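Since the structure comes first, as structure tokens, the remarks are kept for the end.
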Amino acid sequence: MKQNNIILNGIAASSGVAIGKVFVLEEDEFLVEKKEISGIQIKQELNRLKDAMDKTKIELEDNKKELSKVVGGNYAKIAAAHLLILNDPMVKNEVIKMIKEGVNAEYAIHKVVENFSKTFDLIDNDYFRERKHDLLDVAKKVMRNLLGKTKKSLSNLEEDSIVVAKTLTPADTVTMKEVLIKGFVTEIGGKTSHTALVAQSLEIPAVVGLKDITHQVKQGMSIIVDGNLGLVILDPSEETIENYKREHEIQISNKKELEKFKDLPAITTDGREVILGANIENPEEVRAALRHGANAVGLYRSEFMYLSRKTMPTEEEHYQNYSKVAKMMMPYEVIIRTIDLGGDKIARLGLMNVGREANPFMGLRAIRFCLKYPEIFKAQLKGILRASVHGNIKIMYPMISRIAEIKEANRILEQAKEELRKEGKKFREDIEVGVMIEVPSAAIISDVIAKEVDFLSIGTNDLIQYTMAVDRVNADVAHLYSPMHPAILRLLKTIIDSAHAAGKNVGMCGEMAGDPAYTVVLLGLGLDEFSMSAVQIPKVKKFIRNISKFEAKKLVEQLLSCSTMQEIDITMKKFKYRQNLL
Ligand code: PEP
Ligand code: MG
């Protein structure tokens, strides 16, 4: 049989190549048709409704048992709450009434839920308003059973599955680790979307931004994901498969080659040593970080603890989590970023407006969320403070845009310390506190900020997004996302110089720090710490060990005098050619 070997171009989101079979993860949406019914059909429709509800009840009960067995009681409460909604006579009676008036069950559910949702929207209490989503979840489950659709879930995957979806949430990607998928492809997303970042941590090859891909594939068809070049090949020929198998082997041997650098210092040829750290999302990733030679956790994205659950993590859970990481990383530092929920990291905690904002990346995100809900923030701070006695922990606030936010966050930190003192719980009084510089306003006043804090860390993923007005998850504008734009280089220089003038260390934990293409520039700018996906550490280290700080500094002087990206590009190419780095 002749293969089509269709090559599609997307955005390379996570490196590596994978060969496997398509697993289309469909969205949980249904098109609801309105059908007029009468006479005997009404009785039949009521029976259909009853069957679907009975099935849903069994599913929810199974789900409740399974959840409490696997992850504990708190998660099982979600299924229990859904059972309560399913059994609620108010919604059910409304649906029955509409069917009796002459419409099909699907349409009746759709209409009733829509009306109830509107009522929920009027409730002046965030927690109760958010219960709307539980009602919608239950309605979808009943609808699926009415339509006889079986829910595909990531746990049904075969071993060589490559997930193809419209979009995946960061929480979906985390699940992929448990079910060992080989790669994924999505229609939506950018290189620095959090879904892509999780894929990098998990070392899953991924291509994003492939419009309409879910309609071009068939369940089970052969597919290759090339996360290095951002290509997807559908129905590949034998020859292509052989080429990619070879590519895969080369990658494995390159990886082995890079492992040799694991225990060597990240030092330039003229003796400038920098710290290379790992970005992690959960304690399980520490082992991989150490395996790749990390000398720090430069960014612990703590909000991932919130993403796949509906209840708030407790102070004790925070404490346990961070203690584990701090102990494993000893004596190296662990920078715990306080929760950065919002943007593309939407938690279903029933507390916030995120997910319903017109511009979530500019909305109630990160420190803004924490200052709006100080009790949630304080619980995390207390957990971090208590864990600080077990290692070298530092605190970092995300998305700071003004001095007042630092002062307010520090005030809550003092409250947390005071409460712990009263409770007789130990913590490090002198724990260091730093901030992320990822909003242009913060970059511009970084001289003032540097005096207020112990360290700075540059979040280029957001800094570039906000400076260039390029949504980091929008594939249509991904080509405008430019780390080497003169504006970005100038901002980086401002931040690094400001930190040094105040005698503070400055790191970078955005993706730019983990891309060897920019290593020489960051070295030349004087960056002290680089934090990245663990897999990138050996690649960046190899680079650092091959260049001199002196040459890097000279290059940066030239780059800063360039007026366009084109000039910057030519200057970079000439430098790399001269240094034999191409
Ligand atoms: C950044 O913005 O560069 C960063 C490291 O934080 P995040 O990617 O989690 O927004
Ligand atoms: Mg950020």
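Convention: chains lettered A, B, ... in structure tokens order; per-chain residue numbering from 1; ligands numbered from 1 as shown.
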
> Near stretch 337-342 of chain A, counting only C-alpha atoms, which residues have an atom at most 7 Å away, once you skip same-chain residues fewer than 2 positions from it, shown as a PyMOL selection string?
Replying inline: chain A and resi 299-303+335+344-347+354+360-361+364-367+395-398

How would the residues just picked look written out with N, CA, C and O atoms as a PDB file, in the first residue's frame?
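Okay, this is what ended up in out_25.pdb:
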ATOM      1  N   LEU A 299      13.715  27.535  39.468  1.00  0.00           N
ATOM      2  CA  LEU A 299      12.281  27.871  39.402  1.00  0.00           C
ATOM      3  C   LEU A 299      11.468  26.627  39.712  1.00  0.00           C
ATOM      4  O   LEU A 299      11.504  25.648  38.975  1.00  0.00           O
ATOM      5  N   TYR A 300      10.753  26.697  40.841  1.00  0.00           N
ATOM      6  CA  TYR A 300       9.797  25.634  41.153  1.00  0.00           C
ATOM      7  C   TYR A 300       8.424  26.239  40.874  1.00  0.00           C
ATOM      8  O   TYR A 300       7.971  27.119  41.600  1.00  0.00           O
ATOM      9  N   ARG A 301       7.773  25.775  39.794  1.00  0.00           N
ATOM     10  CA  ARG A 301       6.464  26.332  39.444  1.00  0.00           C
ATOM     11  C   ARG A 301       5.415  25.708  40.366  1.00  0.00           C
ATOM     12  O   ARG A 301       4.724  24.756  39.993  1.00  0.00           O
ATOM     13  N   SER A 302       5.290  26.284  41.548  1.00  0.00           N
ATOM     14  CA  SER A 302       4.482  25.639  42.596  1.00  0.00           C
ATOM     15  C   SER A 302       2.998  25.544  42.259  1.00  0.00           C
ATOM     16  O   SER A 302       2.276  24.731  42.821  1.00  0.00           O
ATOM     17  N   GLU A 303       2.536  26.371  41.334  1.00  0.00           N
ATOM     18  CA  GLU A 303       1.094  26.374  41.032  1.00  0.00           C
ATOM     19  C   GLU A 303       0.612  25.066  40.429  1.00  0.00           C
ATOM     20  O   GLU A 303      -0.578  24.795  40.384  1.00  0.00           O
ATOM     21  N   ILE A 335      14.572  27.631  44.481  1.00  0.00           N
ATOM     22  CA  ILE A 335      13.776  28.870  44.472  1.00  0.00           C
ATOM     23  C   ILE A 335      12.314  28.500  44.232  1.00  0.00           C
ATOM     24  O   ILE A 335      11.958  28.011  43.158  1.00  0.00           O
ATOM     25  N   ASP A 344      -2.537  30.888  31.196  1.00  0.00           N
ATOM     26  CA  ASP A 344      -2.946  29.591  30.655  1.00  0.00           C
ATOM     27  C   ASP A 344      -2.945  28.499  31.723  1.00  0.00           C
ATOM     28  O   ASP A 344      -3.144  27.337  31.424  1.00  0.00           O
ATOM     29  N   LYS A 345      -2.699  28.877  32.975  1.00  0.00           N
ATOM     30  CA  LYS A 345      -2.743  27.884  34.056  1.00  0.00           C
ATOM     31  C   LYS A 345      -3.998  28.134  34.887  1.00  0.00           C
ATOM     32  O   LYS A 345      -3.989  28.908  35.825  1.00  0.00           O
ATOM     33  N   ILE A 346      -5.043  27.489  34.441  1.00  0.00           N
ATOM     34  CA  ILE A 346      -6.330  27.748  35.075  1.00  0.00           C
ATOM     35  C   ILE A 346      -6.664  26.624  36.025  1.00  0.00           C
ATOM     36  O   ILE A 346      -6.769  25.474  35.636  1.00  0.00           O
ATOM     37  N   ALA A 347      -6.803  26.958  37.285  1.00  0.00           N
ATOM     38  CA  ALA A 347      -7.168  25.939  38.265  1.00  0.00           C
ATOM     39  C   ALA A 347      -8.670  26.001  38.475  1.00  0.00           C
ATOM     40  O   ALA A 347      -9.294  27.043  38.305  1.00  0.00           O
ATOM     41  N   VAL A 354     -10.505  33.614  36.868  1.00  0.00           N
ATOM     42  CA  VAL A 354      -9.660  33.217  35.745  1.00  0.00           C
ATOM     43  C   VAL A 354     -10.383  32.178  34.909  1.00  0.00           C
ATOM     44  O   VAL A 354     -11.095  31.331  35.428  1.00  0.00           O
ATOM     45  N   PRO A 360      -6.818  36.825  29.964  1.00  0.00           N
ATOM     46  CA  PRO A 360      -6.317  36.194  31.199  1.00  0.00           C
ATOM     47  C   PRO A 360      -4.853  36.460  31.507  1.00  0.00           C
ATOM     48  O   PRO A 360      -4.484  36.573  32.667  1.00  0.00           O
ATOM     49  N   PHE A 361      -4.003  36.610  30.474  1.00  0.00           N
ATOM     50  CA  PHE A 361      -2.587  36.860  30.764  1.00  0.00           C
ATOM     51  C   PHE A 361      -2.373  38.240  31.395  1.00  0.00           C
ATOM     52  O   PHE A 361      -1.341  38.500  31.993  1.00  0.00           O
ATOM     53  N   LEU A 364      -6.186  38.488  36.489  1.00  0.00           N
ATOM     54  CA  LEU A 364      -5.951  38.137  37.893  1.00  0.00           C
ATOM     55  C   LEU A 364      -4.991  36.953  37.941  1.00  0.00           C
ATOM     56  O   LEU A 364      -5.395  35.812  38.125  1.00  0.00           O
ATOM     57  N   ARG A 365      -3.732  37.251  37.763  1.00  0.00           N
ATOM     58  CA  ARG A 365      -2.732  36.195  37.648  1.00  0.00           C
ATOM     59  C   ARG A 365      -1.639  36.392  38.710  1.00  0.00           C
ATOM     60  O   ARG A 365      -1.378  37.515  39.129  1.00  0.00           O
ATOM     61  N   ALA A 366      -1.032  35.282  39.115  1.00  0.00           N
ATOM     62  CA  ALA A 366       0.192  35.308  39.935  1.00  0.00           C
ATOM     63  C   ALA A 366       0.040  36.137  41.218  1.00  0.00           C
ATOM     64  O   ALA A 366      -0.892  35.921  41.977  1.00  0.00           O
ATOM     65  N   ILE A 367       0.925  37.122  41.422  1.00  0.00           N
ATOM     66  CA  ILE A 367       0.924  37.868  42.690  1.00  0.00           C
ATOM     67  C   ILE A 367      -0.412  38.603  42.874  1.00  0.00           C
ATOM     68  O   ILE A 367      -0.891  38.791  43.989  1.00  0.00           O
ATOM     69  N   ILE A 395      12.414  32.283  48.417  1.00  0.00           N
ATOM     70  CA  ILE A 395      11.043  32.585  47.958  1.00  0.00           C
ATOM     71  C   ILE A 395      11.125  33.560  46.785  1.00  0.00           C
ATOM     72  O   ILE A 395      11.952  34.465  46.794  1.00  0.00           O
ATOM     73  N   MET A 396      10.236  33.357  45.802  1.00  0.00           N
ATOM     74  CA  MET A 396      10.229  34.294  44.663  1.00  0.00           C
ATOM     75  C   MET A 396       8.783  34.650  44.289  1.00  0.00           C
ATOM     76  O   MET A 396       7.946  33.758  44.114  1.00  0.00           O
ATOM     77  N   TYR A 397       8.505  35.948  44.197  1.00  0.00           N
ATOM     78  CA  TYR A 397       7.161  36.403  43.804  1.00  0.00           C
ATOM     79  C   TYR A 397       7.102  36.592  42.284  1.00  0.00           C
ATOM     80  O   TYR A 397       7.965  37.253  41.710  1.00  0.00           O
ATOM     81  N   PRO A 398       6.054  36.050  41.631  1.00  0.00           N
ATOM     82  CA  PRO A 398       5.931  36.233  40.176  1.00  0.00           C
ATOM     83  C   PRO A 398       5.120  37.461  39.773  1.00  0.00           C
ATOM     84  O   PRO A 398       4.328  37.972  40.555  1.00  0.00           O
TER      85      PRO A 398
END

> Within 8 Å of ligand 1, counting only C-alpha atoms and all ligand atoms, which protein or nucleic acid residues do you find, written as a PyMOL selection string?
Replying inline: chain A and resi 192-194+197+299+301+340+398+436+438+458-463+508-511

> Which residues, written as a ChimeraX atom specification, have at least one atom at most 12 Å from A:Gln566, with only C-alpha atoms counted and residues fewer than 5 positions away on the same chain left out?
Replying inline: /A:482,484-486,559,571-573

Suppose we keep C-alpha atoms; can you now write the selection as a PDB file, in the first residue's frame?
ATOM      1  CA  SER A 482      11.629  37.455  19.345  1.00  0.00           C
ATOM      2  CA  MET A 484      16.774  38.892  20.043  1.00  0.00           C
ATOM      3  CA  HIS A 485      14.732  42.022  19.378  1.00  0.00           C
ATOM      4  CA  PRO A 486      16.808  45.131  20.258  1.00  0.00           C
ATOM      5  CA  LEU A 559      24.720  43.610  19.570  1.00  0.00           C
ATOM      6  CA  THR A 571      26.421  39.976  13.966  1.00  0.00           C
ATOM      7  CA  MET A 572      25.534  36.714  15.733  1.00  0.00           C
ATOM      8  CA  LYS A 573      26.253  34.615  12.644  1.00  0.00           C
TER       9      LYS A 573
END

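Neighbouring residues of A:Ala139 at 8 Å or closer, counting only C-alpha atoms and skipping chain neighbours under 6 positions away, are Ile109, His110 and Val113 of chain A.
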
With all heavy atoms retained, write the just-selected residues as a JSON list (two decimals), in the first residue's frame.
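So the final result, stored in out.json, reads:
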[["chain", "number", "residue", "atom", "x", "y", "z"],
["A", 109, "ILE", "N", -31.92, 19.21, 28.42],
["A", 109, "ILE", "CA", -30.79, 19.37, 29.35],
["A", 109, "ILE", "C", -30.02, 20.65, 29.02],
["A", 109, "ILE", "O", -29.71, 21.46, 29.88],
["A", 109, "ILE", "CB", -29.83, 18.15, 29.26],
["A", 109, "ILE", "CG1", -30.54, 16.91, 29.79],
["A", 109, "ILE", "CG2", -28.55, 18.40, 30.04],
["A", 109, "ILE", "CD1", -29.70, 15.65, 29.71],
["A", 110, "HIS", "N", -29.75, 20.81, 27.74],
["A", 110, "HIS", "CA", -28.98, 21.97, 27.30],
["A", 110, "HIS", "C", -29.65, 23.27, 27.77],
["A", 110, "HIS", "O", -29.00, 24.15, 28.35],
["A", 110, "HIS", "CB", -28.90, 21.92, 25.76],
["A", 110, "HIS", "CG", -28.32, 23.14, 25.15],
["A", 110, "HIS", "ND1", -26.99, 23.46, 25.29],
["A", 110, "HIS", "CD2", -28.88, 24.13, 24.40],
["A", 110, "HIS", "CE1", -26.77, 24.60, 24.65],
["A", 110, "HIS", "NE2", -27.89, 25.01, 24.10],
["A", 113, "VAL", "N", -29.78, 23.62, 31.75],
["A", 113, "VAL", "CA", -28.46, 23.95, 32.30],
["A", 113, "VAL", "C", -28.07, 25.38, 31.94],
["A", 113, "VAL", "O", -27.51, 26.11, 32.76],
["A", 113, "VAL", "CB", -27.40, 22.92, 31.80],
["A", 113, "VAL", "CG1", -26.00, 23.38, 32.12],
["A", 113, "VAL", "CG2", -27.65, 21.57, 32.46]]

> Which polymer residues have any atom within 8 Å of an atom of stretch 468-471 of chain A, counting only C-alpha atoms, with same-chain residues fewer than 4 positions away left out, as a ChimeraX atom specification?
Replying inline: /A:464,477-478,480-482

Could you write those residues out with all heavy atoms, as a PDB file, in the first residue's frame?
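The result, stored in out-v1.pdb:
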ATOM      1  N   ILE A 464       8.951  38.794  27.226  1.00  0.00           N
ATOM      2  CA  ILE A 464       8.881  38.973  25.759  1.00  0.00           C
ATOM      3  C   ILE A 464       7.410  39.131  25.343  1.00  0.00           C
ATOM      4  O   ILE A 464       7.054  40.010  24.559  1.00  0.00           O
ATOM      5  CB  ILE A 464       9.563  37.806  25.023  1.00  0.00           C
ATOM      6  CG1 ILE A 464      11.058  37.765  25.386  1.00  0.00           C
ATOM      7  CG2 ILE A 464       9.372  37.917  23.506  1.00  0.00           C
ATOM      8  CD1 ILE A 464      11.806  36.526  24.941  1.00  0.00           C
ATOM      9  N   VAL A 477       0.677  34.372  16.010  1.00  0.00           N
ATOM     10  CA  VAL A 477       1.642  35.471  16.175  1.00  0.00           C
ATOM     11  C   VAL A 477       2.991  34.968  16.699  1.00  0.00           C
ATOM     12  O   VAL A 477       3.857  35.750  17.068  1.00  0.00           O
ATOM     13  CB  VAL A 477       1.078  36.582  17.116  1.00  0.00           C
ATOM     14  CG1 VAL A 477      -0.028  37.353  16.428  1.00  0.00           C
ATOM     15  CG2 VAL A 477       0.608  36.009  18.436  1.00  0.00           C
ATOM     16  N   ALA A 478       3.148  33.630  16.682  1.00  0.00           N
ATOM     17  CA  ALA A 478       4.376  33.041  17.243  1.00  0.00           C
ATOM     18  C   ALA A 478       5.631  33.565  16.534  1.00  0.00           C
ATOM     19  O   ALA A 478       6.678  33.711  17.155  1.00  0.00           O
ATOM     20  CB  ALA A 478       4.315  31.525  17.157  1.00  0.00           C
ATOM     21  N   LEU A 480       6.317  36.438  15.744  1.00  0.00           N
ATOM     22  CA  LEU A 480       6.707  37.766  16.244  1.00  0.00           C
ATOM     23  C   LEU A 480       7.370  37.698  17.626  1.00  0.00           C
ATOM     24  O   LEU A 480       7.776  38.703  18.181  1.00  0.00           O
ATOM     25  CB  LEU A 480       5.458  38.669  16.339  1.00  0.00           C
ATOM     26  CG  LEU A 480       4.763  38.976  15.015  1.00  0.00           C
ATOM     27  CD1 LEU A 480       3.465  39.731  15.264  1.00  0.00           C
ATOM     28  CD2 LEU A 480       5.682  39.790  14.114  1.00  0.00           C
ATOM     29  N   TYR A 481       7.444  36.497  18.160  1.00  0.00           N
ATOM     30  CA  TYR A 481       8.001  36.310  19.513  1.00  0.00           C
ATOM     31  C   TYR A 481       9.535  36.252  19.388  1.00  0.00           C
ATOM     32  O   TYR A 481      10.092  35.236  18.989  1.00  0.00           O
ATOM     33  CB  TYR A 481       7.444  34.993  20.070  1.00  0.00           C
ATOM     34  CG  TYR A 481       7.672  34.792  21.538  1.00  0.00           C
ATOM     35  CD1 TYR A 481       6.710  35.176  22.459  1.00  0.00           C
ATOM     36  CD2 TYR A 481       8.848  34.223  21.992  1.00  0.00           C
ATOM     37  CE1 TYR A 481       6.916  34.997  23.806  1.00  0.00           C
ATOM     38  CE2 TYR A 481       9.064  34.041  23.341  1.00  0.00           C
ATOM     39  CZ  TYR A 481       8.091  34.430  24.244  1.00  0.00           C
ATOM     40  OH  TYR A 481       8.301  34.249  25.576  1.00  0.00           O
ATOM     41  N   SER A 482      10.212  37.359  19.702  1.00  0.00           N
ATOM     42  CA  SER A 482      11.629  37.455  19.345  1.00  0.00           C
ATOM     43  C   SER A 482      12.549  37.808  20.509  1.00  0.00           C
ATOM     44  O   SER A 482      12.690  38.989  20.854  1.00  0.00           O
ATOM     45  CB  SER A 482      11.815  38.537  18.275  1.00  0.00           C
ATOM     46  OG  SER A 482      10.805  38.461  17.321  1.00  0.00           O
TER      47      SER A 482
END

>> Residues of stretch 373-433 of chain A classed as alpha helix (DSSP H) by DSSP on the backbone are to be reported as an NGL selection string.
In response: :A and (374-387 or 403-423)
